[in-house]
Each structure stands twice: as C-alpha cells, then as structure tokens.
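One file, input-v7.tsv, carrying TSV, C-alpha atoms:
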```tsv
chain	number	residue	atom	x	y	z
A	204	MET	CA	-3.43	56.45	91.44
A	205	LYS	CA	-5.21	54.12	93.88
A	206	ILE	CA	-2.08	52.61	95.37
A	207	THR	CA	-0.79	55.99	96.53
A	208	GLU	CA	-4.12	57.32	97.81
A	209	ASN	CA	-4.27	57.74	101.59
A	210	ASN	CA	-0.71	56.45	101.89
A	211	PRO	CA	1.42	59.36	103.16
A	212	GLN	CA	4.48	57.15	103.86
A	213	LEU	CA	4.58	55.87	100.29
A	214	ASN	CA	4.14	59.38	98.93
A	215	GLU	CA	6.94	60.63	101.16
A	216	LEU	CA	9.21	57.89	99.81
A	217	LEU	CA	8.33	58.85	96.24
A	218	ASN	CA	9.25	62.45	97.07
A	219	ASP	CA	12.61	61.31	98.49
A	220	VAL	CA	13.34	59.20	95.41
A	221	ALA	CA	12.47	62.15	93.17
A	222	GLU	CA	14.74	64.41	95.24
A	223	VAL	CA	17.71	62.04	94.94
A	224	ALA	CA	17.07	61.52	91.22
A	225	GLY	CA	17.38	65.28	90.83
A	226	TYR	CA	20.68	65.28	92.72
A	227	LEU	CA	22.07	62.52	90.50
A	228	TRP	CA	21.21	64.52	87.39
A	229	GLU	CA	22.60	67.76	88.80
A	230	ARG	CA	25.87	66.02	89.75
A	231	GLY	CA	26.29	64.77	86.19
A	232	TRP	CA	26.05	61.18	87.43
A	233	ALA	CA	22.98	60.30	85.35
A	234	GLU	CA	23.67	61.04	81.70
A	235	ARG	CA	20.85	60.09	79.36
A	236	ASN	CA	19.11	57.10	81.04
A	237	ALA	CA	22.04	56.17	83.29
A	238	GLY	CA	21.43	54.87	86.79
A	239	ASN	CA	18.61	53.03	88.51
A	240	ILE	CA	16.97	52.72	91.91
A	241	SER	CA	14.96	50.08	93.75
A	242	VAL	CA	13.36	50.23	97.19
A	243	ASN	CA	11.69	47.49	99.22
A	244	ILE	CA	8.28	49.07	99.97
A	245	THR	CA	6.60	45.97	101.43
A	246	ALA	CA	6.11	47.70	104.79
A	247	LEU	CA	4.31	50.58	103.04
A	248	ILE	CA	1.71	48.43	101.25
A	249	PRO	CA	-1.07	47.32	103.63
A	250	GLN	CA	-1.49	43.55	103.47
A	251	GLY	CA	-4.46	42.50	101.36
A	252	SER	CA	-5.01	46.03	100.03
A	253	ILE	CA	-4.30	45.10	96.40
A	254	ASN	CA	-6.04	42.56	94.19
A	255	VAL	CA	-3.12	41.36	92.07
A	256	ALA	CA	-5.54	39.72	89.61
A	257	ASN	CA	-6.18	43.23	88.26
A	258	HIS	CA	-2.51	43.70	87.38
A	259	HIS	CA	-0.22	42.44	84.62
A	260	LEU	CA	2.05	39.50	85.60
A	261	VAL	CA	5.57	39.40	84.12
A	262	SER	CA	7.70	36.24	84.33
A	263	ILE	CA	11.39	36.43	85.24
A	264	ASN	CA	14.16	34.00	84.29
A	265	THR	CA	15.82	33.76	87.70
A	266	HIS	CA	13.65	32.81	90.65
A	267	TYR	CA	13.75	34.71	93.94
A	268	PRO	CA	11.84	32.60	96.47
A	269	GLU	CA	12.91	34.70	99.47
A	270	LEU	CA	11.30	37.74	97.84
A	271	ALA	CA	7.94	36.05	97.18
A	272	GLY	CA	5.08	38.40	97.98
A	273	LEU	CA	7.35	41.40	98.63
A	274	SER	CA	6.76	44.78	96.97
A	275	PHE	CA	9.30	47.13	95.41
A	276	LEU	CA	9.63	50.47	93.71
A	277	VAL	CA	12.00	50.16	90.75
A	278	THR	CA	12.97	52.60	88.01
A	279	GLY	CA	11.93	51.76	84.46
A	280	THR	CA	14.10	50.68	81.58
A	281	GLY	CA	15.27	53.59	79.43
A	282	LYS	CA	13.95	56.16	81.92
A	283	ARG	CA	15.91	59.30	82.76
A	284	MET	CA	16.70	60.50	86.29
A	285	ARG	CA	15.82	64.06	85.35
A	286	ASP	CA	12.34	62.83	84.40
A	287	LEU	CA	12.06	60.68	87.52
A	288	ALA	CA	12.72	63.82	89.54
A	289	ARG	CA	9.65	65.49	88.00
A	290	LYS	CA	7.23	62.58	87.63
A	291	PRO	CA	8.24	59.54	89.72
A	292	LEU	CA	5.42	57.16	88.76
A	293	ASP	CA	5.75	57.95	85.05
A	294	ASN	CA	9.33	56.71	85.24
A	295	ALA	CA	9.28	54.04	87.94
A	296	LEU	CA	7.14	50.99	88.70
A	297	LEU	CA	5.58	49.63	91.86
A	298	ILE	CA	5.73	45.84	91.67
A	299	GLN	CA	4.96	42.81	93.82
A	300	LEU	CA	6.60	39.43	93.36
A	301	ASN	CA	4.23	36.50	93.02
A	302	ASP	CA	3.88	33.70	95.57
A	303	ASP	CA	6.89	31.69	94.40
A	304	GLY	CA	9.19	34.51	93.24
A	305	THR	CA	9.02	33.52	89.58
A	306	GLY	CA	7.41	36.73	88.35
A	307	TYR	CA	6.04	40.09	89.42
A	308	TYR	CA	2.80	42.05	89.19
A	309	ILE	CA	2.95	45.68	88.05
A	310	LEU	CA	0.96	47.32	90.84
A	311	SER	CA	1.26	50.85	89.45
A	312	ARG	CA	-0.62	49.91	86.27
A	313	GLU	CA	-3.93	48.16	85.71
A	314	LYS	CA	-3.90	45.08	83.46
A	315	ASP	CA	-5.51	46.92	80.54
A	316	ASP	CA	-3.32	50.06	80.72
A	317	GLN	CA	-1.56	50.94	77.47
A	318	ASP	CA	1.52	52.67	78.92
A	319	ILE	CA	3.08	49.66	80.67
A	320	PHE	CA	6.90	49.62	80.72
A	321	LEU	CA	9.38	47.23	82.34
A	322	PRO	CA	12.04	47.66	85.04
A	323	THR	CA	15.65	48.68	84.45
A	324	SER	CA	17.98	46.27	82.65
A	325	GLU	CA	19.89	46.02	85.95
A	326	PHE	CA	16.77	44.52	87.58
A	327	PRO	CA	18.42	41.08	88.14
A	328	THR	CA	21.22	42.74	90.12
A	329	HIS	CA	18.70	44.68	92.20
A	330	LEU	CA	16.63	41.58	93.00
A	331	GLY	CA	19.77	39.58	93.78
A	332	ILE	CA	20.88	42.23	96.25
A	333	HIS	CA	17.46	42.44	97.90
A	334	GLN	CA	17.43	38.65	98.20
A	335	MET	CA	20.88	38.71	99.82
A	336	VAL	CA	19.63	41.30	102.33
A	337	LYS	CA	16.64	39.08	103.11
A	338	GLN	CA	18.82	35.99	103.52
A	339	ARG	CA	21.21	37.62	105.97
A	340	GLY	CA	18.42	39.27	107.94
A	341	SER	CA	19.72	42.85	107.68
A	342	HIS	CA	17.54	45.92	107.23
A	343	GLU	CA	18.69	47.68	104.04
A	344	THR	CA	15.76	48.56	101.81
A	345	VAL	CA	17.44	50.62	99.06
A	346	VAL	CA	19.66	49.75	96.11
A	347	LEU	CA	21.03	52.77	94.25
A	348	HIS	CA	23.11	52.62	91.06
A	349	THR	CA	24.66	55.71	89.49
A	350	HIS	CA	27.62	56.75	87.36
A	351	ALA	CA	29.51	58.83	89.93
A	352	THR	CA	32.00	60.54	87.62
A	353	GLU	CA	34.85	61.01	90.08
A	354	LEU	CA	34.76	57.38	91.25
A	355	VAL	CA	34.51	55.98	87.72
A	356	ALA	CA	37.49	58.16	86.77
A	357	LEU	CA	39.59	56.46	89.47
A	358	THR	CA	39.05	53.12	87.72
A	359	GLN	CA	40.78	54.51	84.64
A	360	ILE	CA	43.97	54.50	86.75
A	361	LYS	CA	45.28	50.94	87.08
A	362	ASP	CA	46.75	51.52	90.56
A	363	TYR	CA	43.26	52.14	91.92
A	364	CYS	CA	41.67	49.06	90.33
A	365	ASP	CA	42.73	47.42	93.56
A	366	GLN	CA	40.32	47.38	96.48
A	367	GLU	CA	42.90	47.97	99.21
A	368	LYS	CA	44.64	50.84	97.40
A	369	LEU	CA	41.30	52.35	96.39
A	370	ASN	CA	40.00	52.53	99.95
A	371	LYS	CA	43.28	53.75	101.39
A	372	LEU	CA	43.16	56.64	98.93
A	373	LEU	CA	39.51	57.52	99.56
A	374	TRP	CA	39.78	57.31	103.35
A	375	SER	CA	42.93	59.44	103.35
A	376	MET	CA	41.50	62.29	101.27
A	377	HIS	CA	38.63	63.24	103.59
A	378	PRO	CA	37.93	62.27	107.25
A	379	GLU	CA	34.20	61.70	106.76
A	380	THR	CA	34.84	58.77	104.42
A	381	MET	CA	36.20	56.71	107.32
A	382	VAL	CA	33.52	57.89	109.76
A	383	PHE	CA	30.53	57.20	107.52
A	384	VAL	CA	31.84	54.35	105.34
A	385	PRO	CA	34.30	52.50	107.61
A	386	GLU	CA	33.72	49.24	105.70
A	387	GLY	CA	35.09	50.92	102.61
A	388	MET	CA	34.13	50.35	99.00
A	389	GLY	CA	34.21	47.00	97.24
A	390	PHE	CA	35.61	46.71	93.72
A	391	VAL	CA	34.49	44.60	90.74
A	392	PRO	CA	36.78	44.40	87.68
A	393	TYR	CA	35.06	45.16	84.40
A	394	VAL	CA	32.14	42.89	83.52
A	395	THR	CA	29.49	43.66	80.91
A	396	PRO	CA	26.69	45.65	82.62
A	397	GLY	CA	23.20	44.19	82.85
A	398	THR	CA	24.42	40.58	82.93
A	399	ASP	CA	24.01	37.80	85.48
A	400	ASP	CA	27.82	37.74	85.81
A	401	ILE	CA	28.07	41.30	87.12
A	402	ALA	CA	25.16	40.63	89.46
A	403	ALA	CA	26.97	37.61	90.91
A	404	GLU	CA	30.26	39.50	91.34
A	405	SER	CA	28.49	42.45	92.97
A	406	LEU	CA	26.74	40.19	95.48
A	407	LYS	CA	30.08	38.77	96.61
A	408	VAL	CA	31.41	42.25	97.33
A	409	LEU	CA	28.26	43.66	98.94
A	410	LYS	CA	28.36	40.99	101.62
A	411	LYS	CA	31.15	43.02	103.25
A	412	HIS	CA	30.80	46.54	101.81
A	413	PRO	CA	27.81	48.90	101.46
A	414	ILE	CA	29.13	50.24	98.15
A	415	VAL	CA	30.61	48.46	95.15
A	416	LEU	CA	32.52	50.24	92.39
A	417	TRP	CA	32.27	48.68	88.94
A	418	GLU	CA	35.40	49.29	86.89
A	419	LYS	CA	34.83	51.89	84.16
A	420	HIS	CA	31.08	51.98	84.83
A	421	GLY	CA	29.59	53.16	88.12
A	422	VAL	CA	28.66	52.34	91.69
A	423	PHE	CA	25.99	50.34	93.51
A	424	CYS	CA	25.10	51.26	97.07
A	425	ILE	CA	22.73	49.62	99.56
A	426	GLY	CA	21.26	51.44	102.55
A	427	ASP	CA	18.39	51.96	104.94
A	428	SER	CA	17.06	54.96	103.00
A	429	ILE	CA	17.47	56.55	99.59
A	430	ILE	CA	18.90	59.70	101.20
A	431	ASP	CA	21.54	57.79	103.19
A	432	SER	CA	22.52	55.75	100.14
A	433	PHE	CA	23.05	58.91	98.09
A	434	ASP	CA	24.99	60.52	100.95
A	435	ASN	CA	27.45	57.62	101.18
A	436	ILE	CA	28.19	57.72	97.45
A	437	ASP	CA	28.49	61.51	97.64
A	438	ILE	CA	31.04	61.29	100.46
A	439	MET	CA	33.22	58.83	98.56
A	440	ALA	CA	32.96	60.88	95.36
A	441	LYS	CA	34.02	63.98	97.31
A	442	SER	CA	37.25	62.23	98.32
A	443	ALA	CA	37.95	61.26	94.71
A	444	LYS	CA	37.27	64.84	93.64
A	445	ILE	CA	39.74	66.20	96.22
A	446	PHE	CA	42.35	63.78	94.87
A	447	PHE	CA	41.84	64.91	91.27
A	448	LEU	CA	41.71	68.62	92.15
A	449	THR	CA	45.01	68.37	94.03
A	450	ARG	CA	46.67	66.42	91.24
A	451	GLY	CA	45.23	68.82	88.67
A	452	ALA	CA	46.80	71.74	90.52
A	453	GLY	CA	50.18	70.07	90.11
A	454	TYR	CA	50.56	68.70	93.61
A	455	SER	CA	50.73	65.20	95.04
A	456	PRO	CA	48.00	64.80	97.69
A	457	GLU	CA	49.40	64.37	101.19
A	458	GLY	CA	46.42	62.50	102.62
A	459	LEU	CA	45.75	61.48	106.21
A	460	THR	CA	48.39	59.42	107.98
A	461	ASP	CA	47.82	55.87	109.21
A	462	LYS	CA	47.78	57.21	112.78
A	463	GLU	CA	45.11	59.78	111.89
A	464	LEU	CA	43.05	57.09	110.15
A	465	ASP	CA	43.30	54.84	113.23
A	466	VAL	CA	41.76	57.60	115.35
A	467	LEU	CA	38.94	57.96	112.84
A	468	LYS	CA	38.33	54.19	112.94
A	469	VAL	CA	37.64	54.46	116.67
A	470	ILE	CA	35.25	57.36	116.06
A	471	ALA	CA	33.48	55.35	113.35
A	472	ALA	CA	33.11	52.34	115.65
A	473	ASN	CA	31.35	54.50	118.23
A	474	PHE	CA	29.41	56.70	115.83
```

Can the structure in the file be given as structure tokens, please?
Amino acid sequence: MKITENNPQLNELLNDVAEVAGYLWERGWAERNAGNISVNITALIPQGSINVANHHLVSINTHYPELAGLSFLVTGTGKRMRDLARKPLDNALLIQLNDDGTGYYILSREKDDQDIFLPTSEFPTHLGIHQMVKQRGSHETVVLHTHATELVALTQIKDYCDQEKLNKLLWSMHPETMVFVPEGMGFVPYVTPGTDDIAAESLKVLKKHPIVLWEKHGVFCIGDSIIDSFDNIDIMAKSAKIFFLTRGAGYSPEGLTDKELDVLKVIAANF
C-alpha cells in the first residue's frame, strides 16, 4: 500500500495497534466486534504526499473544524479485534478530514476500490474527543474503547455507579492505580452506545479524567500512545479483579488506608 511504503513510523504504529488489539481479544475485552481504536497520525503523513482527489470522500453529519486536514487511523465498523491483530489495514482505515471538517477522505483505499468500509459506529465520539484534545492544546493522540470485563462488572453494583466511590475502591485495591492514574476514572450513567448523547457525556468527563467508564458497557481511554492507553485500562481492571477475587473467596477486601493513599498521591505527583 503506497501510504505505508517508506514510512517506518507509520508501520511501527500499525504494529503497536495490532499488538494491543491482540491483548484486548486475549483478555476477553473484545467479544465479536466489540471495541474500537483511533489514533491521530497527522505527524506521520508527510505534508503534500497524498493527492486526496484519488480517494473517496465521505460526508459526516457533525462538523469538526478544528480537525480539518488532520489524518487518523480508525478501526472499521463491524471489524473484530482478533482480525485487526492479524491484518491491521484490512480492519482499520487511514483517513484525512477535508479542509472544513465536514467529511473525510479514505486514504487507505483508492476511489475505485471495491472493498471500501466505513469507520466504527463510535466514530462521532472519537472525533469529538480528538477535537477536545485539539481545543485544549494537549498532546494525546489515541482514543481506545474496549469492554473491560472487570470494570463493566463493577457497574452492575449500584454502589459503584458513583464516581467518587468507584475511584476510592480502585485506588485502594492496588497501589499502581494511584501512581499511574491519579486523576481517577470518570463515570457516565447508561446512555445508548453510538449516539451523540453518549459522545457529549463522555467529553464532559474526559476533560478531567483520562479514562471514562460507561455504565454496563465499557471504557474509553485517551493517551499519548496506544500502549500507554491499554496499560492504564489494564491497571484499573486489575484493581477491579482483585476486588472480585477477594469477595469471591468470601472475604471483604481491606484496601489501602487513606493515609497510605495520601503517600501514593505524593509519589504520583512526582512520578
């Protein structure tokens, strides 16, 4: 494929995305076609290297002017993570938004290709998050959505459908949760997935937290790399797993004390 030829950085990113997709499947967090990924790859596409006139243009309902001209890797609708792990560009698209952010060109397919597919149904949420990142001037390039079983299970317990209680539990089960995710996890009560409403609610939460947990559905995480984004979800899921394993053994988890958590907060601030 021309776009990946002589582009070792882009190929390395594709390898990382494939690696993480494999982890999501192995963890049981990506049943059937569950989960999706997008990455801002603008820095990896040499300016002027692509003639967009040779590529199919797709209109979008919501306009994203701050993303005009930017390029992204995004997983395809109905695509499986286990397949993405084997063949990334058969299951994900490389796209570039047009000059006013009202549509996107499919860079990974020529205009006359027969096997064109569209991005994930969660694409509006992904673009909204990338636009928020652009607006606030931060450096996150990755948006990762997966159905982390242990975290979704917590939202089946009403006590933990509360952001403060949720984070207190997760921080107290495992020290690394405070060190690596000191901002904690945001929480969004149940909203139908794939809608503009859940995108709007997620954006509110992600302004203060790198991870948002959707009640009875899954998590969204933003980060500087696909590996780091996976790691942060993995850390939080580990805490939830410790909680359930302890409860399943018939014990009430003791957890870290407030004093112990305060020490970890200092470590996190200087990490």

* **Closest of A:Val223, A:Ala356, A:Met388, A:Leu217 to Val408 (chain A) - atom-to-atom distances counting only C-alpha atoms** => A:Met388

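Every protein, DNA or RNA residue with an atom at most 8 Å from Ala271 (chain A), where all atoms listed in the file count and chain neighbours fewer than 2 positions away do not, is listed here: Tyr267, Pro268, Glu269, Leu273, Leu300, Asn301, Asp302, Asp303 and Gly304 of chain A.
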
* Distance of CA of Leu357 (chain A) from CA of Glu463 (chain A), expressed in Å to one decimal place ->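 CA of Leu357 (chain A) lies 23.3 Å from CA of Glu463 (chain A).
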
* Find, counting all atoms listed in the file, the residue in A:Met381, A:Val415, A:Ala403, A:Ile445 that gets nearest to Ala471 (chain A). =>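 Result for the nearest residue to Ala471 (chain A): A:Met381.
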
* To do: For Gln299 (chain A), work out the shell of residues within 9 Å, counting all atoms listed in the file and skipping chain neighbours fewer than 5 positions away, then give it as JSON, numbers by chain.
  => {"A": [245, 255, 271, 272, 273, 274, 275, 276, 306, 307, 308, 309, 310]}

* Asked: What would the list of residues within 10 Å of (19.4, 42.9, 81.1) (file frame) look like as number ranges by chain, if all atoms listed in the file are what count?
  -> A: 280, 322-328, 396-399

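Distances here use all atoms listed in the file; by that measure, the residue among A:Trp417, A:Trp374, A:Phe423, A:Phe320 closest to Phe390 (chain A) is A:Trp417.
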
* **Which residue of A:Leu227, A:Gly331, A:Ile248, A:Lys314 approaches Arg283 (chain A) most closely, using only C-alpha atoms** => A:Leu227

* Asked: Quick one: residues within 9 Å of region 229-241 of chain A, all atoms listed in the file counted, chain neighbours fewer than 5 positions away excluded, as number ranges by chain?
  -> A: 220, 224, 275-285, 295, 323-326, 329-330, 344-352, 421, 429

Draw an axis-aligned box tight on the listed atoms of region 354-367 of chain A, then pad every side by 3 Å and write out centre and edge lengths in Å to one decimal as lines of an AutoDock Vina configuration file.
```
center_x = 40.6
center_y = 52.8
center_z = 91.9
size_x = 18.2
size_y = 16.8
size_z = 20.6
```

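Note that CA of Asn210 (chain A) and CA of Asn294 (chain A) are 19.4 Å apart.
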
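Separating CA of Lys371 (chain A) from CA of Glu353 (chain A) is a distance of 15.9 Å.
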
* Distance query Thr380 (chain A) at most 12 Å, all atoms listed in the file, self and fewer than 2 positions along chain excluded, as a VMD selection string -> chain A and resid 370 to 378 382 to 388 434 to 443 459 464 467 to 468 470 to 471

Please complete region 297-316 of chain A so it has N, CA and C atoms, and hand it over as a PDB file, keeping the file's coordinate frame.
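Generated file (result-v3.pdb):
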```pdb
ATOM      1  N   LEU A 297       5.807  50.299  90.594  1.00  0.00           N
ATOM      2  CA  LEU A 297       5.580  49.630  91.860  1.00  0.00           C
ATOM      3  C   LEU A 297       5.200  48.198  91.511  1.00  0.00           C
ATOM      4  N   ILE A 298       5.953  47.242  92.036  1.00  0.00           N
ATOM      5  CA  ILE A 298       5.730  45.840  91.670  1.00  0.00           C
ATOM      6  C   ILE A 298       5.587  44.982  92.920  1.00  0.00           C
ATOM      7  N   GLN A 299       5.026  43.797  92.746  1.00  0.00           N
ATOM      8  CA  GLN A 299       4.960  42.810  93.820  1.00  0.00           C
ATOM      9  C   GLN A 299       5.285  41.443  93.235  1.00  0.00           C
ATOM     10  N   LEU A 300       6.266  40.760  93.848  1.00  0.00           N
ATOM     11  CA  LEU A 300       6.600  39.430  93.360  1.00  0.00           C
ATOM     12  C   LEU A 300       5.473  38.451  93.676  1.00  0.00           C
ATOM     13  N   ASN A 301       5.294  37.466  92.804  1.00  0.00           N
ATOM     14  CA  ASN A 301       4.230  36.500  93.020  1.00  0.00           C
ATOM     15  C   ASN A 301       4.601  35.520  94.136  1.00  0.00           C
ATOM     16  N   ASP A 302       3.748  34.543  94.377  1.00  0.00           N
ATOM     17  CA  ASP A 302       3.880  33.700  95.570  1.00  0.00           C
ATOM     18  C   ASP A 302       5.076  32.769  95.565  1.00  0.00           C
ATOM     19  N   ASP A 303       5.689  32.541  94.416  1.00  0.00           N
ATOM     20  CA  ASP A 303       6.890  31.690  94.400  1.00  0.00           C
ATOM     21  C   ASP A 303       8.127  32.414  93.873  1.00  0.00           C
ATOM     22  N   GLY A 304       8.028  33.739  93.671  1.00  0.00           N
ATOM     23  CA  GLY A 304       9.190  34.510  93.240  1.00  0.00           C
ATOM     24  C   GLY A 304       9.623  34.248  91.823  1.00  0.00           C
ATOM     25  N   THR A 305       8.689  33.807  90.972  1.00  0.00           N
ATOM     26  CA  THR A 305       9.020  33.520  89.580  1.00  0.00           C
ATOM     27  C   THR A 305       8.533  34.605  88.627  1.00  0.00           C
ATOM     28  N   GLY A 306       7.921  35.642  89.159  1.00  0.00           N
ATOM     29  CA  GLY A 306       7.410  36.730  88.350  1.00  0.00           C
ATOM     30  C   GLY A 306       6.954  37.863  89.245  1.00  0.00           C
ATOM     31  N   TYR A 307       6.489  38.950  88.627  1.00  0.00           N
ATOM     32  CA  TYR A 307       6.040  40.090  89.420  1.00  0.00           C
ATOM     33  C   TYR A 307       4.820  40.736  88.769  1.00  0.00           C
ATOM     34  N   TYR A 308       3.960  41.278  89.620  1.00  0.00           N
ATOM     35  CA  TYR A 308       2.800  42.050  89.190  1.00  0.00           C
ATOM     36  C   TYR A 308       3.167  43.532  89.153  1.00  0.00           C
ATOM     37  N   ILE A 309       2.717  44.240  88.145  1.00  0.00           N
ATOM     38  CA  ILE A 309       2.950  45.680  88.050  1.00  0.00           C
ATOM     39  C   ILE A 309       1.790  46.387  88.764  1.00  0.00           C
ATOM     40  N   LEU A 310       2.014  46.746  90.012  1.00  0.00           N
ATOM     41  CA  LEU A 310       0.960  47.320  90.840  1.00  0.00           C
ATOM     42  C   LEU A 310       0.570  48.734  90.404  1.00  0.00           C
ATOM     43  N   SER A 311       1.507  49.448  89.815  1.00  0.00           N
ATOM     44  CA  SER A 311       1.260  50.850  89.450  1.00  0.00           C
ATOM     45  C   SER A 311       0.544  51.000  88.117  1.00  0.00           C
ATOM     46  N   ARG A 312       0.156  49.891  87.509  1.00  0.00           N
ATOM     47  CA  ARG A 312      -0.620  49.910  86.270  1.00  0.00           C
ATOM     48  C   ARG A 312      -1.710  48.840  86.350  1.00  0.00           C
ATOM     49  N   GLU A 313      -2.881  49.161  85.833  1.00  0.00           N
ATOM     50  CA  GLU A 313      -3.930  48.160  85.710  1.00  0.00           C
ATOM     51  C   GLU A 313      -3.606  47.257  84.512  1.00  0.00           C
ATOM     52  N   LYS A 314      -4.205  46.082  84.491  1.00  0.00           N
ATOM     53  CA  LYS A 314      -3.900  45.080  83.460  1.00  0.00           C
ATOM     54  C   LYS A 314      -4.146  45.606  82.044  1.00  0.00           C
ATOM     55  N   ASP A 315      -5.166  46.447  81.877  1.00  0.00           N
ATOM     56  CA  ASP A 315      -5.510  46.920  80.540  1.00  0.00           C
ATOM     57  C   ASP A 315      -4.897  48.272  80.188  1.00  0.00           C
ATOM     58  N   ASP A 316      -3.992  48.797  81.032  1.00  0.00           N
ATOM     59  CA  ASP A 316      -3.320  50.060  80.720  1.00  0.00           C
ATOM     60  C   ASP A 316      -2.443  49.905  79.488  1.00  0.00           C
TER      61      ASP A 316
END
```
